[in-house]
$ cat input-v2.pdb   # PDB, C-alpha atoms
MODEL        1
ATOM      1  CA  MET B   1      80.118 139.084  99.860
ATOM      2  CA  PHE B   2      77.631 136.350  98.903
ATOM      3  CA  LEU B   3      74.176 136.331 100.522
ATOM      4  CA  THR B   4      71.513 133.699 100.107
ATOM      5  CA  LEU B   5      67.916 134.457 101.039
ATOM      6  CA  MET B   6      65.271 131.738 100.950
ATOM      7  CA  THR B   7      61.703 131.793 102.165
ATOM      8  CA  VAL B   8      58.997 129.155 102.346
ATOM      9  CA  LEU B   9      55.447 130.471 102.426
ATOM     10  CA  TRP B  10      53.015 127.967 103.881
ATOM     11  CA  ALA B  11      50.522 130.614 104.862
ATOM     12  CA  GLY B  12      50.375 132.545 101.612
ATOM     13  CA  GLU B  13      52.177 135.713 100.707
ATOM     14  CA  ASP B  14      49.519 137.939 102.248
ATOM     15  CA  TYR B  15      49.532 136.343 105.718
ATOM     16  CA  ARG B  16      50.554 138.842 108.377
ATOM     17  CA  ILE B  17      52.218 137.389 111.452
ATOM     18  CA  GLY B  18      50.790 138.149 114.885
ATOM     19  CA  ALA B  19      51.057 137.297 118.567
ATOM     20  CA  ARG B  20      50.834 133.573 119.376
ATOM     21  CA  ASP B  21      51.915 132.471 115.901
ATOM     22  CA  VAL B  22      54.761 129.950 115.984
ATOM     23  CA  LEU B  23      57.447 130.499 113.377
ATOM     24  CA  GLU B  24      59.905 127.857 112.267
ATOM     25  CA  VAL B  25      63.273 129.453 111.538
ATOM     26  CA  GLU B  26      66.013 127.515 109.835
ATOM     27  CA  VAL B  27      69.459 129.031 109.475
ATOM     28  CA  TYR B  28      71.392 126.658 107.246
ATOM     29  CA  GLY B  29      74.321 125.089 109.071
ATOM     30  CA  GLU B  30      73.458 126.774 112.373
ATOM     31  CA  PRO B  31      71.414 124.416 114.580
ATOM     32  CA  THR B  32      71.736 126.716 117.606
ATOM     33  CA  LEU B  33      69.881 129.457 115.724
ATOM     34  CA  SER B  34      67.333 127.197 114.045
ATOM     35  CA  GLY B  35      64.113 126.184 115.767
ATOM     36  CA  SER B  36      60.534 127.066 116.629
ATOM     37  CA  TYR B  37      59.906 130.526 118.039
ATOM     38  CA  THR B  38      56.607 131.829 119.407
ATOM     39  CA  VAL B  39      55.668 135.442 118.744
ATOM     40  CA  ASP B  40      55.058 137.045 122.144
ATOM     41  CA  GLY B  41      52.203 139.349 123.184
ATOM     42  CA  GLN B  42      54.176 142.399 122.059
ATOM     43  CA  GLY B  43      54.588 140.902 118.583
ATOM     44  CA  GLN B  44      58.271 140.123 119.074
ATOM     45  CA  LEU B  45      60.418 137.125 118.273
ATOM     46  CA  ALA B  46      63.492 136.335 120.391
ATOM     47  CA  VAL B  47      66.152 134.643 118.257
ATOM     48  CA  PRO B  48      69.686 134.073 119.654
ATOM     49  CA  LEU B  49      72.244 136.678 118.495
ATOM     50  CA  VAL B  50      69.447 138.770 116.996
ATOM     51  CA  GLY B  51      67.637 139.803 120.171
ATOM     52  CA  PRO B  52      64.023 140.926 120.165
ATOM     53  CA  LEU B  53      62.704 141.395 116.636
ATOM     54  CA  VAL B  54      59.282 142.956 116.041
ATOM     55  CA  VAL B  55      57.535 140.653 113.557
ATOM     56  CA  ALA B  56      53.840 141.429 114.123
ATOM     57  CA  GLY B  57      52.332 142.648 110.868
ATOM     58  CA  LEU B  58      55.173 141.291 108.745
ATOM     59  CA  THR B  59      55.100 138.485 106.192
ATOM     60  CA  THR B  60      57.463 135.516 106.354
ATOM     61  CA  ASP B  61      59.434 137.097 103.489
ATOM     62  CA  GLU B  62      59.957 140.248 105.551
ATOM     63  CA  VAL B  63      60.977 138.298 108.662
ATOM     64  CA  CYS B  64      63.421 136.244 106.609
ATOM     65  CA  ALA B  65      64.979 139.383 105.132
ATOM     66  CA  GLU B  66      65.303 141.028 108.557
ATOM     67  CA  LEU B  67      66.917 137.943 110.121
ATOM     68  CA  THR B  68      69.335 137.669 107.200
ATOM     69  CA  THR B  69      70.272 141.345 107.553
ATOM     70  CA  ARG B  70      70.841 141.047 111.306
ATOM     71  CA  LEU B  71      72.940 137.885 111.034
ATOM     72  CA  THR B  72      75.125 139.011 108.096
ATOM     73  CA  PRO B  73      78.031 139.885 108.259
ATOM     74  CA  ASP B  74      78.462 140.384 112.032
ATOM     75  CA  TYR B  75      77.737 136.767 112.969
ATOM     76  CA  LEU B  76      77.726 134.804 109.727
ATOM     77  CA  VAL B  77      79.636 135.465 106.514
ATOM     78  CA  THR B  78      76.686 134.198 104.527
ATOM     79  CA  ALA B  79      73.254 133.513 105.953
ATOM     80  CA  SER B  80      70.754 131.177 104.351
ATOM     81  CA  VAL B  81      67.519 131.672 106.287
ATOM     82  CA  THR B  82      64.169 129.959 105.787
ATOM     83  CA  VAL B  83      61.065 131.057 107.724
ATOM     84  CA  TRP B  84      57.545 129.660 107.744
ATOM     85  CA  VAL B  85      54.509 129.724 109.991
ATOM     86  CA  LYS B  86      54.432 126.419 111.845
ATOM     87  CA  GLU B  87      51.294 127.148 113.899
ATOM     88  CA  HIS B  88      48.709 129.851 113.386
ATOM     89  CA  GLY B  89      47.434 131.440 116.570
ATOM     90  CA  SER B  90      46.963 135.134 115.933
ATOM     91  CA  GLN B  91      43.839 135.431 113.778
ATOM     92  CA  PRO B  92      40.932 133.614 115.431
ATOM     93  CA  VAL B  93      37.483 133.090 113.934
ATOM     94  CA  GLN B  94      34.600 131.594 115.913
ATOM     95  CA  VAL B  95      32.280 129.076 114.285
ATOM     96  CA  GLN B  96      28.988 128.437 116.079
ATOM     97  CA  GLY B  97      25.678 126.728 115.481
ATOM     98  CA  ALA B  98      24.799 123.828 113.199
ATOM     99  CA  VAL B  99      28.296 122.638 112.306
ATOM    100  CA  VAL B 100      29.949 119.335 113.137
ATOM    101  CA  ARG B 101      32.736 120.868 115.284
ATOM    102  CA  PRO B 102      31.919 124.365 116.561
ATOM    103  CA  GLY B 103      34.867 126.244 118.027
ATOM    104  CA  VAL B 104      37.692 128.658 117.363
ATOM    105  CA  TYR B 105      39.690 128.312 114.154
ATOM    106  CA  TYR B 106      42.701 130.301 113.002
ATOM    107  CA  LEU B 107      43.142 131.947 109.627
ATOM    108  CA  ASP B 108      46.215 130.988 107.652
ATOM    109  CA  GLY B 109      45.909 133.570 104.926
ATOM    110  CA  ASP B 110      43.135 134.517 102.541
ATOM    111  CA  THR B 111      40.251 132.298 103.703
ATOM    112  CA  THR B 112      36.582 132.008 102.730
ATOM    113  CA  VAL B 113      33.558 131.193 104.880
ATOM    114  CA  LEU B 114      33.197 127.895 103.023
ATOM    115  CA  GLN B 115      36.786 126.923 103.861
ATOM    116  CA  ILE B 116      36.258 127.682 107.566
ATOM    117  CA  LEU B 117      33.006 125.698 107.553
ATOM    118  CA  GLY B 118      34.972 122.823 106.025
ATOM    119  CA  GLU B 119      37.521 123.035 108.845
ATOM    120  CA  ALA B 120      34.592 122.857 111.272
ATOM    121  CA  GLY B 121      33.572 119.546 109.686
ATOM    122  CA  GLY B 122      30.804 120.977 107.509
ATOM    123  CA  VAL B 123      27.256 122.012 108.253
ATOM    124  CA  LYS B 124      24.419 119.842 109.473
ATOM    125  CA  ASP B 125      21.367 118.993 107.345
ATOM    126  CA  GLY B 126      18.724 121.647 106.838
ATOM    127  CA  VAL B 127      20.969 124.711 106.863
ATOM    128  CA  SER B 128      19.651 127.535 104.703
ATOM    129  CA  GLU B 129      21.829 130.515 105.661
ATOM    130  CA  VAL B 130      25.067 131.589 107.327
ATOM    131  CA  ARG B 131      25.494 134.750 109.412
ATOM    132  CA  ILE B 132      28.842 136.496 109.590
ATOM    133  CA  THR B 133      29.343 139.074 112.347
ATOM    134  CA  ARG B 134      32.400 141.274 111.884
ATOM    135  CA  ALA B 135      34.418 142.865 114.694
ATOM    136  CA  ASP B 136      32.522 146.145 114.160
ATOM    137  CA  ASN B 137      29.213 144.242 114.695
ATOM    138  CA  GLU B 138      28.269 144.427 111.006
ATOM    139  CA  VAL B 139      26.170 141.351 110.232
ATOM    140  CA  THR B 140      26.050 139.743 106.798
ATOM    141  CA  VAL B 141      23.559 136.996 106.028
ATOM    142  CA  VAL B 142      24.370 134.726 103.097
ATOM    143  CA  ALA B 143      22.244 131.920 101.687
ATOM    144  CA  TYR B 144      24.128 128.653 102.173
ATOM    145  CA  GLN B 145      23.343 127.603  98.594
ATOM    146  CA  ASP B 146      25.010 130.816  97.352
ATOM    147  CA  LEU B 147      28.156 129.937  99.301
ATOM    148  CA  LEU B 148      28.217 126.543  97.621
ATOM    149  CA  THR B 149      27.753 127.903  94.104
ATOM    150  CA  GLN B 150      29.563 131.238  94.323
ATOM    151  CA  GLY B 151      31.858 131.003  97.376
ATOM    152  CA  GLY B 152      33.979 134.091  97.726
ATOM    153  CA  VAL B 153      32.897 135.570 101.085
ATOM    154  CA  ARG B 154      36.205 136.309 102.811
ATOM    155  CA  VAL B 155      36.681 135.782 106.537
ATOM    156  CA  LYS B 156      38.541 138.297 108.702
ATOM    157  CA  ALA B 157      40.189 137.840 112.069
ATOM    158  CA  GLY B 158      37.634 138.299 114.834
ATOM    159  CA  ASP B 159      34.652 137.207 112.733
ATOM    160  CA  VAL B 160      31.926 135.090 114.274
ATOM    161  CA  ILE B 161      30.284 132.688 111.827
ATOM    162  CA  PHE B 162      26.912 131.423 113.009
ATOM    163  CA  VAL B 163      25.012 128.672 111.201
ATOM    164  CA  PRO B 164      21.345 128.604 112.325
ATOM    165  CA  VAL B 165      19.251 125.483 111.792
TER
ENDMDL
END

$ encode --input "input-v2.pdb" --output "structure tokens"
Amino acid sequence: MFLTLMTVLWAGEDYRIGARDVLEVEVYGEPTLSGSYTVDGQGQLAVPLVGPLVVAGLTTDEVCAELTTRLTPDYLVTASVTVWVKEHGSQPVQVQGAVVRPGVYYLDGDTTVLQILGEAGGVKDGVSEVRITRADNEVTVVAYQDLLTQGGVRVKAGDVIFVPV
């Protein structure tokens, strides 16, 4: 038996799928199985012939492997499956304060504070520090100039980034 397994990683190898993420699944030569699937609140994906598949906490590689296993050989002799995250919706970060576009942004893998501030359109003039509040209420204050020169402060899902003037 010949089995082909392909995966495209738009979100980075470390991205863990969660509820509200939209996955694009392509099963080569099978348009009825291919399409966009939203991960439900229980962390499951409903793909025809496969049934509910728990994907929360998995990478796209792991989802691809599981779909390939479930489709081969019962439904397809060979399965060529590609999976990628089409829309991120499971790992929100709030950006508030002196930024161009405050709001909620979604992580798409390993992301720094500077990258999230860039997504928010950048900071306004006169900013001297950035405050990061973690889900456990731990607050970290970083000089904005240090972010520019050193970068490296990683953002986690649930963080609130506040930029005071």

$ resolve_selection --input "input-v2.pdb" --expression "the PyMOL selection byres ((chain B and resi 33-35) around 9)" --output "number ranges by chain"
B: 23-32, 36-37, 47-49, 81

$ closest_residue --input "input-v2.pdb" --among "B:Thr112, B:Asp136, B:Val85, B:Val50" --to "B:Thr69" --atoms "all atoms listed in the file"
B:Val50

$ residues_around --input "input-v2.pdb" --residues "B:Ala135" --least-positions-apart "3" --cutoff "8 Å" --atoms "only C-alpha atoms" --output "VMD selection string"
chain B and resid 138 158 to 159

$ atom_distance --input "input-v2.pdb" --atom1 "atom CA of B:Gly121" --atom2 "atom CA of B:Arg20"
24.3 Å

$ closest_residue --input "input-v2.pdb" --among "B:Arg131, B:Lys86, B:Arg101, B:Arg154" --to "B:Thr60" --atoms "only C-alpha atoms"
B:Lys86

$ resolve_selection --input "input-v2.pdb" --expression "the PyMOL selection byres ((chain B and resi 21) around 6)" --output "list of chain:residue names"
B:Gly18, B:Ala19, B:Arg20, B:Val22, B:Thr38, B:Val39, B:Glu87, B:His88, B:Gly89, B:Ser90

$ axis_aligned_box --input "input-v2.pdb" --around "stretch 16-32 of chain B" --padding-each-side "6 Å" --output "AutoDock Vina command-line options"
--center_x 62.4 --center_y 131.6 --center_z 113.3 --size_x 35.8 --size_y 26.4 --size_z 24.1

$ resolve_selection --input "input-v2.pdb" --expression "the PyMOL selection byres ((chain B and resi 93) around 9)" --output "JSON, numbers by chain"
{"B": [91, 92, 94, 95, 103, 104, 105, 106, 107, 116, 155, 156, 157, 158, 159, 160, 161]}

$ atom_distance --input "input-v2.pdb" --atom1 "atom CA of B:Val141" --atom2 "atom CA of B:Tyr15"
26.0 Å

$ atom_distance --input "input-v2.pdb" --atom1 "atom CA of B:Gly151" --atom2 "atom CA of B:Val113"
7.7 Å

$ closest_residue --input "input-v2.pdb" --among "B:Leu114, B:Ala65, B:Ala56, B:Val165" --to "B:Gln150" --atoms "all atoms listed in the file"
B:Leu114

$ closest_residue --input "input-v2.pdb" --among "B:Val130, B:Leu67, B:Val99, B:Val139" --to "B:Thr82" --atoms "all atoms listed in the file"
B:Leu67

$ residues_around --input "input-v2.pdb" --residues "B:Val123" --least-positions-apart "2" --cutoff "8 Å" --atoms "only C-alpha atoms" --output "list in words"
Ala98, Val99, Val100, Leu117, Ala120, Gly121, Asp125, Val127 and Val163 of chain B
